[in-house]
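Below is the file final_16.txt, which contains compact mmCIF, C-alpha atoms and all ligand atoms.
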```txt
# COMPACT_ATOMS: atom_id res chain seq x y z
CA MET I 113 22.20 -50.40 -7.20
CA SER I 114 25.88 -50.36 -7.96
CA ASN I 115 27.99 -47.89 -6.05
CA CYS I 116 31.15 -47.74 -8.15
CA ASN I 117 31.70 -45.07 -10.78
CA ASN I 118 32.76 -47.17 -13.75
CA CYS I 119 30.57 -50.20 -13.21
CA THR I 120 29.79 -52.08 -16.36
CA THR I 121 28.09 -55.13 -14.85
CA LYS I 122 24.31 -54.99 -14.87
CA TYR I 123 21.74 -56.91 -12.82
CA SER I 124 20.34 -58.33 -16.05
CA ASP I 125 23.75 -59.88 -16.86
CA TYR I 126 22.92 -62.48 -14.22
CA PHE I 127 19.44 -63.25 -15.55
CA SER I 128 18.56 -66.79 -16.59
CA ASP I 129 15.68 -68.08 -18.72
CA GLU I 130 15.17 -71.24 -16.67
CA LEU I 131 12.04 -71.99 -14.65
CA TYR I 132 12.31 -71.80 -10.87
CA THR I 133 11.15 -75.00 -9.15
CA TRP I 134 11.42 -73.88 -5.52
CA CYS I 135 8.37 -73.80 -3.23
CA THR I 136 6.41 -70.59 -2.80
CA ALA I 137 8.15 -68.32 -0.25
CA CYS I 138 11.33 -70.40 -0.22
CA GLY I 139 14.26 -68.40 1.14
CA ASN I 140 16.36 -69.33 -1.89
CA TYR I 141 14.65 -66.60 -3.97
CA GLY I 142 15.92 -63.90 -1.62
CA ILE I 143 19.39 -65.41 -1.44
CA HIS I 144 19.65 -65.48 -5.25
CA ALA I 145 18.57 -61.85 -5.46
CA ALA I 146 21.20 -60.87 -2.89
CA VAL I 147 23.97 -62.80 -4.67
CA LYS I 148 23.13 -61.06 -7.95
CA ARG I 149 23.01 -57.66 -6.25
CA ALA I 150 26.36 -58.28 -4.55
CA LEU I 151 28.04 -59.34 -7.81
CA VAL I 152 26.71 -56.25 -9.59
CA ALA I 153 27.61 -53.90 -6.73
CA GLU I 154 31.16 -55.30 -6.74
CA ASN I 155 31.18 -54.98 -10.54
CA VAL I 156 32.06 -58.64 -11.15
CA ALA I 157 31.07 -59.70 -14.66
CA PRO I 158 29.61 -63.17 -15.23
CA LYS I 159 32.74 -64.15 -17.22
CA ASP I 160 34.83 -63.53 -14.08
CA THR I 161 32.55 -65.44 -11.70
CA LEU I 162 32.36 -69.10 -10.76
CA LEU I 163 29.30 -70.09 -8.75
CA CYS I 164 29.62 -73.56 -7.20
CA PHE I 165 26.46 -75.31 -5.99
CA ASP I 166 26.18 -78.37 -3.76
CA VAL I 167 23.34 -80.88 -4.24
CA GLY I 168 20.10 -79.80 -2.59
CA CYS I 169 17.18 -77.41 -3.10
CA HIS I 170 19.61 -74.49 -3.20
CA GLY I 171 21.71 -76.38 -5.76
CA ASN I 172 18.73 -76.57 -8.08
CA GLY I 173 19.28 -72.85 -8.52
CA SER I 174 22.54 -73.45 -10.39
CA ASP I 175 20.96 -72.73 -13.78
CA LYS I 176 18.67 -69.93 -12.55
CA ILE I 177 21.48 -67.39 -12.44
CA GLY I 178 23.80 -66.28 -15.22
CA GLY I 179 27.56 -66.82 -15.28
CA TYR I 180 29.67 -69.93 -14.99
CA ALA I 181 28.19 -72.47 -12.60
CA VAL I 182 29.05 -75.92 -11.34
CA HIS I 183 26.62 -78.31 -9.66
CA GLY I 184 28.83 -80.65 -7.63
CA LEU I 185 28.50 -83.79 -5.54
CA HIS I 186 26.55 -83.67 -2.28
CA GLY I 187 28.74 -82.32 0.53
CA ARG I 188 31.79 -81.87 -1.69
CA ILE I 189 31.38 -78.40 -3.14
CA ILE I 190 33.92 -76.69 -0.89
CA ALA I 191 36.63 -79.06 -2.09
CA PHE I 192 35.81 -78.26 -5.72
CA ALA I 193 35.45 -74.51 -5.18
CA SER I 194 38.65 -74.11 -3.19
CA GLY I 195 40.58 -75.90 -5.94
CA ALA I 196 39.08 -73.60 -8.56
CA ALA I 197 39.86 -70.52 -6.47
CA MET I 198 43.49 -71.59 -6.15
CA ALA I 199 43.83 -72.47 -9.82
CA ASN I 200 42.76 -69.01 -10.95
CA GLN I 201 42.87 -66.15 -8.48
CA ASN I 202 41.44 -63.77 -11.07
CA ILE I 203 37.95 -65.23 -10.75
CA GLU I 204 35.42 -64.63 -8.00
CA VAL I 205 34.54 -68.01 -6.51
CA ILE I 206 31.37 -68.31 -4.46
CA ALA I 207 30.16 -71.69 -3.22
CA PHE I 208 26.75 -72.62 -1.82
CA GLY I 209 25.81 -75.54 0.41
CA GLY I 210 22.87 -76.68 2.54
CA ASP I 211 23.10 -77.39 6.25
CA GLY I 212 22.60 -81.09 5.47
CA GLY I 213 25.40 -81.54 2.96
CA THR I 214 27.78 -79.07 4.60
CA LEU I 215 27.50 -80.08 8.25
CA SER I 216 27.11 -83.85 7.80
CA GLU I 217 28.46 -85.38 4.59
CA GLY I 218 30.87 -82.50 3.91
CA ILE I 219 31.81 -81.30 7.38
CA GLY I 220 35.44 -82.34 6.94
CA HIS I 221 35.78 -80.12 3.88
CA LEU I 222 34.38 -77.16 5.81
CA VAL I 223 36.78 -77.71 8.72
CA HIS I 224 39.86 -77.83 6.52
CA ALA I 225 38.80 -74.96 4.29
CA VAL I 226 38.48 -72.74 7.37
CA ARG I 227 41.81 -73.93 8.80
CA SER I 228 43.57 -73.54 5.45
CA ASN I 229 41.95 -70.17 4.76
CA TYR I 230 41.33 -70.80 1.07
CA ASN I 231 40.44 -67.58 -0.69
CA MET I 232 36.75 -68.04 -1.53
CA THR I 233 33.29 -67.21 -0.22
CA PHE I 234 31.01 -69.91 1.14
CA ILE I 235 27.30 -69.35 1.69
CA LEU I 236 25.52 -71.80 3.97
CA HIS I 237 21.81 -72.10 3.17
CA ASN I 238 20.67 -73.06 6.66
CA ASN I 239 17.02 -74.07 6.32
CA ARG I 240 17.46 -76.45 9.26
CA ASN I 241 16.60 -79.60 7.30
CA TYR I 242 17.44 -81.77 4.30
CA GLY I 243 15.05 -80.00 1.95
CA LEU I 244 15.44 -81.72 -1.41
CA THR I 245 14.85 -85.18 0.06
CA THR I 246 11.65 -83.86 1.69
CA GLY I 247 12.45 -82.66 5.18
CA GLN I 248 14.66 -85.00 7.16
CA ALA I 249 16.40 -83.70 10.30
CA SER I 250 19.86 -82.23 9.77
CA THR I 251 22.48 -81.19 12.31
CA THR I 252 20.79 -77.79 12.67
CA THR I 253 17.21 -79.03 13.17
CA PRO I 254 16.13 -78.12 16.70
CA GLN I 255 16.29 -81.18 18.96
CA ASP I 256 13.11 -83.24 19.34
CA THR I 257 11.39 -81.62 16.32
CA PRO I 258 9.31 -84.24 14.44
CA MET I 259 10.65 -84.56 10.88
CA HIS I 260 10.27 -87.02 8.03
CA ALA I 261 12.12 -90.23 8.93
CA SER I 262 12.25 -89.18 12.61
CA PRO I 263 8.62 -88.53 13.66
CA ASP I 264 9.62 -88.51 17.34
CA GLY I 265 12.40 -86.01 16.67
CA VAL I 266 16.13 -86.63 16.80
CA THR I 267 17.93 -86.81 20.09
CA ALA I 268 21.39 -85.83 18.81
CA THR I 269 22.59 -82.37 19.83
CA VAL I 270 22.41 -79.46 17.39
CA ILE I 271 25.39 -77.80 15.71
CA ASN I 272 25.39 -74.01 15.65
CA PRO I 273 27.30 -73.32 12.40
CA VAL I 274 28.65 -69.91 13.43
CA ASP I 275 29.79 -71.12 16.84
CA PHE I 276 31.37 -74.19 15.25
CA VAL I 277 33.30 -72.20 12.63
CA LEU I 278 34.43 -69.67 15.25
CA SER I 279 36.14 -72.54 17.07
CA LEU I 280 38.37 -73.16 14.02
CA GLU I 281 40.24 -69.82 13.98
CA PRO I 282 38.41 -68.47 10.91
CA THR I 283 39.17 -65.17 9.22
CA PHE I 284 35.61 -64.15 8.24
CA VAL I 285 32.28 -65.18 9.74
CA ALA I 286 28.94 -63.53 9.01
CA ARG I 287 25.25 -64.25 9.40
CA SER I 288 22.16 -62.94 7.71
CA PHE I 289 18.51 -63.84 7.10
CA SER I 290 16.96 -64.84 3.78
CA GLY I 291 14.05 -62.45 4.34
CA TYR I 292 16.28 -59.40 4.24
CA VAL I 293 17.86 -58.97 0.79
CA PRO I 294 19.73 -55.67 1.36
CA HIS I 295 21.35 -57.04 4.51
CA MET I 296 22.39 -60.29 2.81
CA THR I 297 23.78 -58.24 -0.09
CA GLU I 298 26.06 -56.20 2.15
CA VAL I 299 27.26 -59.24 4.07
CA ILE I 300 28.00 -61.13 0.84
CA ARG I 301 29.87 -58.13 -0.57
CA ALA I 302 32.00 -57.98 2.58
CA GLY I 303 32.71 -61.70 2.21
CA MET I 304 33.72 -61.28 -1.44
CA ARG I 305 36.10 -58.45 -0.54
CA HIS I 306 37.75 -60.45 2.24
CA THR I 307 40.95 -62.29 1.28
CA GLY I 308 40.64 -65.78 2.76
CA PHE I 309 37.77 -68.14 3.54
CA SER I 310 34.59 -66.16 4.08
CA PHE I 311 31.93 -68.15 5.89
CA ILE I 312 28.41 -66.74 5.64
CA GLU I 313 25.46 -68.41 7.32
CA ILE I 314 22.08 -67.43 5.89
CA LEU I 315 19.18 -68.40 8.11
CA GLN I 316 16.86 -69.57 5.39
CA ASP I 317 13.09 -69.74 5.32
CA CYS I 318 11.75 -73.20 4.49
CA PRO I 319 7.96 -72.84 4.65
CA THR I 320 7.43 -76.44 3.59
CA TYR I 321 9.58 -78.36 6.08
CA ASN I 322 10.83 -75.99 8.76
CA LYS I 323 7.63 -75.35 10.66
CA ALA I 324 9.50 -74.92 13.96
CA THR I 325 11.17 -71.61 13.05
CA PRO I 326 9.15 -69.90 10.29
CA HIS I 327 9.71 -66.47 8.68
CA GLU I 328 7.94 -64.57 11.47
CA TRP I 329 10.04 -66.34 14.10
CA TYR I 330 13.24 -65.05 12.50
CA MET I 331 11.78 -61.60 11.82
CA GLU I 332 11.06 -61.10 15.50
CA ARG I 333 14.57 -62.10 16.57
CA VAL I 334 17.21 -61.06 14.03
CA TYR I 335 19.11 -57.83 14.61
CA ASP I 336 22.39 -56.48 13.26
CA VAL I 337 24.79 -56.63 16.18
CA THR I 338 27.44 -54.61 14.32
CA LYS I 339 25.20 -51.52 14.60
CA ASP I 340 26.12 -51.52 18.30
CA SER I 341 29.19 -49.26 18.59
CA HIS I 342 30.53 -51.43 21.44
CA TYR I 343 30.64 -54.49 19.21
CA ASP I 344 34.16 -55.22 17.93
CA ARG I 345 34.10 -57.45 14.86
CA PHE I 346 37.84 -58.11 15.26
CA SER I 347 37.25 -59.66 18.66
CA LEU I 348 36.75 -63.41 18.70
CA ALA I 349 35.36 -63.12 22.23
CA ASP I 350 32.64 -60.71 21.05
CA ALA I 351 31.69 -63.03 18.20
CA ARG I 352 31.51 -66.09 20.43
CA ARG I 353 29.37 -64.19 22.90
CA VAL I 354 26.68 -63.46 20.28
CA ALA I 355 26.92 -66.67 18.23
CA SER I 356 24.17 -68.63 19.92
CA ILE I 357 20.67 -68.74 18.45
CA SER I 358 18.47 -68.19 21.43
CA ASN I 359 14.72 -68.10 21.61
CA ASP I 360 15.14 -64.43 22.24
CA LYS I 361 17.63 -62.74 19.87
CA ILE I 362 19.73 -63.71 16.85
CA ALA I 363 22.79 -61.62 16.01
CA THR I 364 23.50 -60.99 12.32
CA GLY I 365 26.07 -58.97 10.36
CA VAL I 366 29.81 -59.49 9.87
CA LEU I 367 30.40 -61.09 13.26
CA PHE I 368 34.14 -61.71 12.99
CA GLN I 369 37.06 -60.81 10.78
CA ASN I 370 40.79 -61.40 11.13
CA LEU I 371 42.83 -59.40 8.66
CA ASN I 372 46.20 -60.63 9.90
CA LYS I 373 46.12 -64.26 8.79
CA LYS I 374 47.25 -64.85 5.20
CA ASP I 375 45.23 -66.96 2.80
CA PHE I 376 46.49 -70.41 1.76
CA LEU I 377 48.20 -69.52 -1.52
CA SER I 378 49.96 -66.45 -0.13
CA LYS I 379 51.62 -68.71 2.43
CA GLN I 380 53.09 -71.10 -0.18
CA LEU I 381 56.78 -70.18 -0.33
CA ASN I 382 57.28 -72.27 -3.46
CA ARG I 383 54.81 -70.01 -5.33
CA LYS I 384 56.59 -66.76 -4.46
CA ALA I 385 58.51 -66.52 -7.73
CA TYR I 386 55.48 -67.21 -9.94
CA THR I 387 53.61 -64.46 -11.76
CA THR I 388 51.32 -66.93 -13.53
CA GLN I 389 48.17 -68.61 -12.26
CA LEU I 390 48.13 -72.38 -11.70
CA VAL I 391 45.62 -72.69 -14.49
CA ASP I 392 48.16 -71.15 -16.91
CA GLU I 393 50.73 -73.75 -15.99
CA VAL I 394 48.87 -76.96 -16.73
CA GLN I 395 49.30 -78.64 -20.05
CA LYS I 396 46.06 -78.21 -21.97
CA SER I 397 44.77 -81.25 -23.78
CA SER I 398 41.48 -82.27 -25.25
CA VAL I 399 39.12 -84.12 -22.90
CA ASP I 400 37.89 -85.98 -25.99
CA GLU I 401 41.33 -87.52 -26.51
CA PHE I 402 41.41 -88.60 -22.88
CA THR I 403 37.97 -90.21 -22.94
CA GLN I 404 38.77 -92.08 -26.21
CA ALA I 405 40.69 -94.58 -24.09
CA PHE I 406 37.48 -95.56 -22.30
CA ARG I 407 35.18 -95.81 -25.29
C1 LIG J 501 26.58 -88.47 -0.81
C2 LIG J 501 25.09 -88.23 -0.93
N1 LIG J 501 24.31 -88.43 0.14
C3 LIG J 501 23.00 -88.20 0.06
C4 LIG J 501 22.43 -87.78 -1.10
C5 LIG J 501 20.92 -87.55 -1.18
N2 LIG J 501 20.58 -86.16 -1.07
C6 LIG J 501 20.44 -85.36 -2.16
S1 LIG J 501 19.89 -83.84 -1.79
C7 LIG J 501 19.85 -84.21 -0.17
C8 LIG J 501 19.33 -83.18 0.83
C9 LIG J 501 20.12 -81.92 0.81
O1 LIG J 501 19.89 -81.19 1.98
P1 LIG J 501 20.72 -79.90 2.25
O2 LIG J 501 22.17 -80.14 1.99
O3 LIG J 501 20.38 -79.40 3.61
O4 LIG J 501 20.22 -78.87 1.14
P2 LIG J 501 18.72 -78.34 0.87
O5 LIG J 501 18.05 -79.34 -0.03
O6 LIG J 501 18.02 -78.23 2.17
O7 LIG J 501 18.93 -77.03 0.19
C10 LIG J 501 20.26 -85.52 0.08
C11 LIG J 501 20.33 -86.17 1.42
C12 LIG J 501 23.27 -87.58 -2.21
N3 LIG J 501 22.81 -87.11 -3.39
N4 LIG J 501 24.61 -87.82 -2.10
```
Would you mind writing the file out in structure tokens?
Ligand SMILES: Cc1ncc(C[n+]2csc(CCOP(=O)(O)OP(=O)(O)O)c2C)c(N)n1
Amino acid sequence: MSNCNNCTTKYSDYFSDELYTWCTACGNYGIHAAVKRALVAENVAPKDTLLCFDVGCHGNGSDKIGGYAVHGLHGRIIAFASGAAMANQNIEVIAFGGDGGTLSEGIGHLVHAVRSNYNMTFILHNNRNYGLTTGQASTTTPQDTPMHASPDGVTATVINPVDFVLSLEPTFVARSFSGYVPHMTEVIRAGMRHTGFSFIEILQDCPTYNKATPHEWYMERVYDVTKDSHYDRFSLADARRVASISNDKIATGVLFQNLNKKDFLSKQLNRKAYTTQLVDEVQKSSVDEFTQAFR
């Protein structure tokens, strides 16, 4: 599985003994497998990884994978993860969020993380609904689809996450499908290798609540646009042209990359002289001592 010569990280290093609670055929299983494969292929040991989960069905996977993990507040995981990535650039920070939490409650964090170009990878689990709270419409639910709490459908317009992020001058935008583990793995690896904010949308199966666009619907439409030799992933115009999710075709792959824009920390002139990480510079004290004051 790994393609480096001196790899020491094994797939089993990311195993967990916890019981999965996701529905049968949930896309989260495939996404977890791809994340583990990507970490192993990039030879990142669990001790060097921080996996940051938002609240949602996907977030309930936080203890189903080895390594350091954080389960944050709904919609706020990008804020936490970007801070962690800046505090210690020696760790691989990957954050996960649902379309509900990321594109409603937390949309401001997404906007500013893209603009700031924090050096981290963000994986959007786009199952086109609020899954954990039993299938309410999110910003990516197709218009007029009957959902829990909106049986007549919602009339608000839909956000296309890739199109939206492309409007913010991003440095890395990719898309994949939860039914295709090897493809997700390669896209996630590319995102991990990119310096800056890597935005990856995974179109995620939700057999329980997303009846409008089931597994077969995606299977018939997804294709890797980057296999086309005319496609230029450094062209914003090319990416915007293929961003839409039509009833016909859905482009996947690394859709856009800008290698010329520096990440947030590299642009901080006041950090130029430092050889240490931010985390080395804070005064360490016991949390116990701090909480004593409130007991
Ligand atoms: C600030 C806040 N708002 C709402 C909730 C309730 N809540 C918890 S999980 C959830 C649904 C999450 O949906 P999504 O982010 O799409 O993730 P999924 O469950 O589909 O993976 C909601 C609304 C909450 N915990 N905190």
Test item: residues lying within 8 Å of ligand LIG 501 (chain J) with only C-alpha atoms and all ligand atoms, as a ChimeraX atom specification: /I:166-171,185-187,209-214,217,237-247,250
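Among the candidate residues I:Gly184, I:Gly291, I:Pro282, I:Gly195, the one lying nearest to Gly308 in chain I is I:Pro282, with distances computed using all atoms listed in the file.
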Calculate how many Å separate CA of Asp264 in chain I from CA of Ser358 in chain I, rounding to one decimal.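 Atom-to-atom, CA of Asp264 in chain I and CA of Ser358 in chain I are spaced 22.5 Å apart.
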For the contact check between range 201-310 of chain I and range 362-375 of chain I, emit one row per residue of range 201-310 of chain I within 7 Å, containing the shortest atom pair and the distance in Å rounded to one decimal, counting all atoms listed in the file, chain then rising number order, as JSON lines.
```
{"residue": "I:Asn229", "atom": "CA", "partner": "I:Asp375", "partner_atom": "CA", "distance": 5.0}
{"residue": "I:Tyr230", "atom": "CA", "partner": "I:Asp375", "partner_atom": "CA", "distance": 5.7}
{"residue": "I:Asn231", "atom": "CA", "partner": "I:Asp375", "partner_atom": "CA", "distance": 6.0}
{"residue": "I:Thr283", "atom": "CA", "partner": "I:Asn370", "partner_atom": "CA", "distance": 4.5}
{"residue": "I:Phe284", "atom": "CA", "partner": "I:Gln369", "partner_atom": "CA", "distance": 4.4}
{"residue": "I:Val285", "atom": "CA", "partner": "I:Phe368", "partner_atom": "CA", "distance": 5.1}
{"residue": "I:Ala286", "atom": "CA", "partner": "I:Val366", "partner_atom": "CA", "distance": 4.2}
{"residue": "I:Arg287", "atom": "CA", "partner": "I:Thr364", "partner_atom": "CA", "distance": 4.7}
{"residue": "I:Ser288", "atom": "CA", "partner": "I:Thr364", "partner_atom": "CA", "distance": 5.2}
{"residue": "I:Val299", "atom": "CA", "partner": "I:Val366", "partner_atom": "CA", "distance": 6.3}
{"residue": "I:Thr307", "atom": "CA", "partner": "I:Asp375", "partner_atom": "CA", "distance": 6.5}
{"residue": "I:Gly308", "atom": "CA", "partner": "I:Asp375", "partner_atom": "CA", "distance": 4.7}
```
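Using only C-alpha atoms for every distance, the candidate list I:Phe346, I:Trp329, I:Tyr292, I:Phe234 yields I:Phe234 as the residue closest to Ser310 in chain I.
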Would you mind reading off the distance between CA of Phe208 in chain I and CA of Asp256 in chain I, one decimal, in Å?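 Going from CA of Phe208 in chain I over to CA of Asp256 in chain I covers 27.3 Å.
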Rounded to one decimal, what separation in Å do you get between CA of Tyr330 in chain I and CA of Gln255 in chain I? 17.6 Å
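The shortest atom-to-atom distance to Trp134 in chain I, with all atoms listed in the file taken into account, belongs to I:Gly173 out of I:Gly179, I:Gly220, I:Gly173, I:Pro158.
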What's around range 145-148 of chain I at 6 Å? Count only C-alpha atoms, leave out sequence neighbours fewer than 2 positions away in its own chain, and write the answer as a list in words.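 The neighbour list is Gly142, Ile143, Ala150, Leu151, Val293, Met296 and Thr297 of chain I.
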Once N, CA and C atoms are restored for range 198-220 of chain I, what would the output be as a PDB file, in the coordinates of the input?
```pdb
ATOM      1  N   MET I 198      42.013 -71.576  -6.161  1.00  0.00           N
ATOM      2  CA  MET I 198      43.490 -71.590  -6.150  1.00  0.00           C
ATOM      3  C   MET I 198      44.046 -71.632  -7.570  1.00  0.00           C
ATOM      4  N   ALA I 199      43.339 -72.322  -8.446  1.00  0.00           N
ATOM      5  CA  ALA I 199      43.830 -72.470  -9.820  1.00  0.00           C
ATOM      6  C   ALA I 199      43.814 -71.140 -10.559  1.00  0.00           C
ATOM      7  N   ASN I 200      42.850 -70.298 -10.259  1.00  0.00           N
ATOM      8  CA  ASN I 200      42.760 -69.010 -10.950  1.00  0.00           C
ATOM      9  C   ASN I 200      42.278 -67.941  -9.981  1.00  0.00           C
ATOM     10  N   GLN I 201      43.222 -67.170  -9.488  1.00  0.00           N
ATOM     11  CA  GLN I 201      42.870 -66.150  -8.480  1.00  0.00           C
ATOM     12  C   GLN I 201      42.195 -64.938  -9.090  1.00  0.00           C
ATOM     13  N   ASN I 202      42.088 -64.916 -10.420  1.00  0.00           N
ATOM     14  CA  ASN I 202      41.440 -63.770 -11.070  1.00  0.00           C
ATOM     15  C   ASN I 202      39.924 -63.917 -11.129  1.00  0.00           C
ATOM     16  N   ILE I 203      39.404 -65.076 -10.715  1.00  0.00           N
ATOM     17  CA  ILE I 203      37.950 -65.230 -10.750  1.00  0.00           C
ATOM     18  C   ILE I 203      37.375 -65.159  -9.338  1.00  0.00           C
ATOM     19  N   GLU I 204      36.135 -64.723  -9.277  1.00  0.00           N
ATOM     20  CA  GLU I 204      35.420 -64.630  -8.000  1.00  0.00           C
ATOM     21  C   GLU I 204      34.735 -65.968  -7.776  1.00  0.00           C
ATOM     22  N   VAL I 205      35.137 -66.690  -6.755  1.00  0.00           N
ATOM     23  CA  VAL I 205      34.540 -68.010  -6.510  1.00  0.00           C
ATOM     24  C   VAL I 205      33.614 -67.930  -5.299  1.00  0.00           C
ATOM     25  N   ILE I 206      32.355 -68.252  -5.545  1.00  0.00           N
ATOM     26  CA  ILE I 206      31.370 -68.310  -4.460  1.00  0.00           C
ATOM     27  C   ILE I 206      30.763 -69.704  -4.466  1.00  0.00           C
ATOM     28  N   ALA I 207      30.754 -70.364  -3.315  1.00  0.00           N
ATOM     29  CA  ALA I 207      30.160 -71.690  -3.220  1.00  0.00           C
ATOM     30  C   ALA I 207      28.947 -71.651  -2.300  1.00  0.00           C
ATOM     31  N   PHE I 208      28.010 -72.558  -2.574  1.00  0.00           N
ATOM     32  CA  PHE I 208      26.750 -72.620  -1.820  1.00  0.00           C
ATOM     33  C   PHE I 208      26.525 -74.050  -1.348  1.00  0.00           C
ATOM     34  N   GLY I 209      26.111 -74.200  -0.090  1.00  0.00           N
ATOM     35  CA  GLY I 209      25.810 -75.540   0.410  1.00  0.00           C
ATOM     36  C   GLY I 209      24.660 -75.482   1.397  1.00  0.00           C
ATOM     37  N   GLY I 210      23.945 -76.593   1.544  1.00  0.00           N
ATOM     38  CA  GLY I 210      22.870 -76.680   2.540  1.00  0.00           C
ATOM     39  C   GLY I 210      23.443 -77.101   3.885  1.00  0.00           C
ATOM     40  N   ASP I 211      22.638 -76.959   4.925  1.00  0.00           N
ATOM     41  CA  ASP I 211      23.100 -77.390   6.250  1.00  0.00           C
ATOM     42  C   ASP I 211      23.273 -78.907   6.294  1.00  0.00           C
ATOM     43  N   GLY I 212      22.459 -79.637   5.508  1.00  0.00           N
ATOM     44  CA  GLY I 212      22.600 -81.090   5.470  1.00  0.00           C
ATOM     45  C   GLY I 212      23.955 -81.496   4.894  1.00  0.00           C
ATOM     46  N   GLY I 213      24.175 -81.144   3.651  1.00  0.00           N
ATOM     47  CA  GLY I 213      25.400 -81.540   2.960  1.00  0.00           C
ATOM     48  C   GLY I 213      26.656 -80.978   3.596  1.00  0.00           C
ATOM     49  N   THR I 214      26.574 -79.746   4.096  1.00  0.00           N
ATOM     50  CA  THR I 214      27.780 -79.070   4.600  1.00  0.00           C
ATOM     51  C   THR I 214      28.176 -79.555   5.992  1.00  0.00           C
ATOM     52  N   LEU I 215      27.166 -79.788   6.850  1.00  0.00           N
ATOM     53  CA  LEU I 215      27.500 -80.080   8.250  1.00  0.00           C
ATOM     54  C   LEU I 215      27.398 -81.562   8.592  1.00  0.00           C
ATOM     55  N   SER I 216      27.033 -82.393   7.584  1.00  0.00           N
ATOM     56  CA  SER I 216      27.110 -83.850   7.800  1.00  0.00           C
ATOM     57  C   SER I 216      28.086 -84.430   6.781  1.00  0.00           C
ATOM     58  N   GLU I 217      27.600 -84.720   5.569  1.00  0.00           N
ATOM     59  CA  GLU I 217      28.460 -85.380   4.590  1.00  0.00           C
ATOM     60  C   GLU I 217      29.772 -84.614   4.352  1.00  0.00           C
ATOM     61  N   GLY I 218      29.696 -83.276   4.318  1.00  0.00           N
ATOM     62  CA  GLY I 218      30.870 -82.500   3.910  1.00  0.00           C
ATOM     63  C   GLY I 218      31.559 -81.759   5.038  1.00  0.00           C
ATOM     64  N   ILE I 219      31.298 -82.123   6.279  1.00  0.00           N
ATOM     65  CA  ILE I 219      31.810 -81.300   7.380  1.00  0.00           C
ATOM     66  C   ILE I 219      33.339 -81.248   7.415  1.00  0.00           C
ATOM     67  N   GLY I 220      33.972 -82.331   6.973  1.00  0.00           N
ATOM     68  CA  GLY I 220      35.440 -82.340   6.940  1.00  0.00           C
ATOM     69  C   GLY I 220      35.980 -81.291   5.991  1.00  0.00           C
TER      70      GLY I 220
END
```
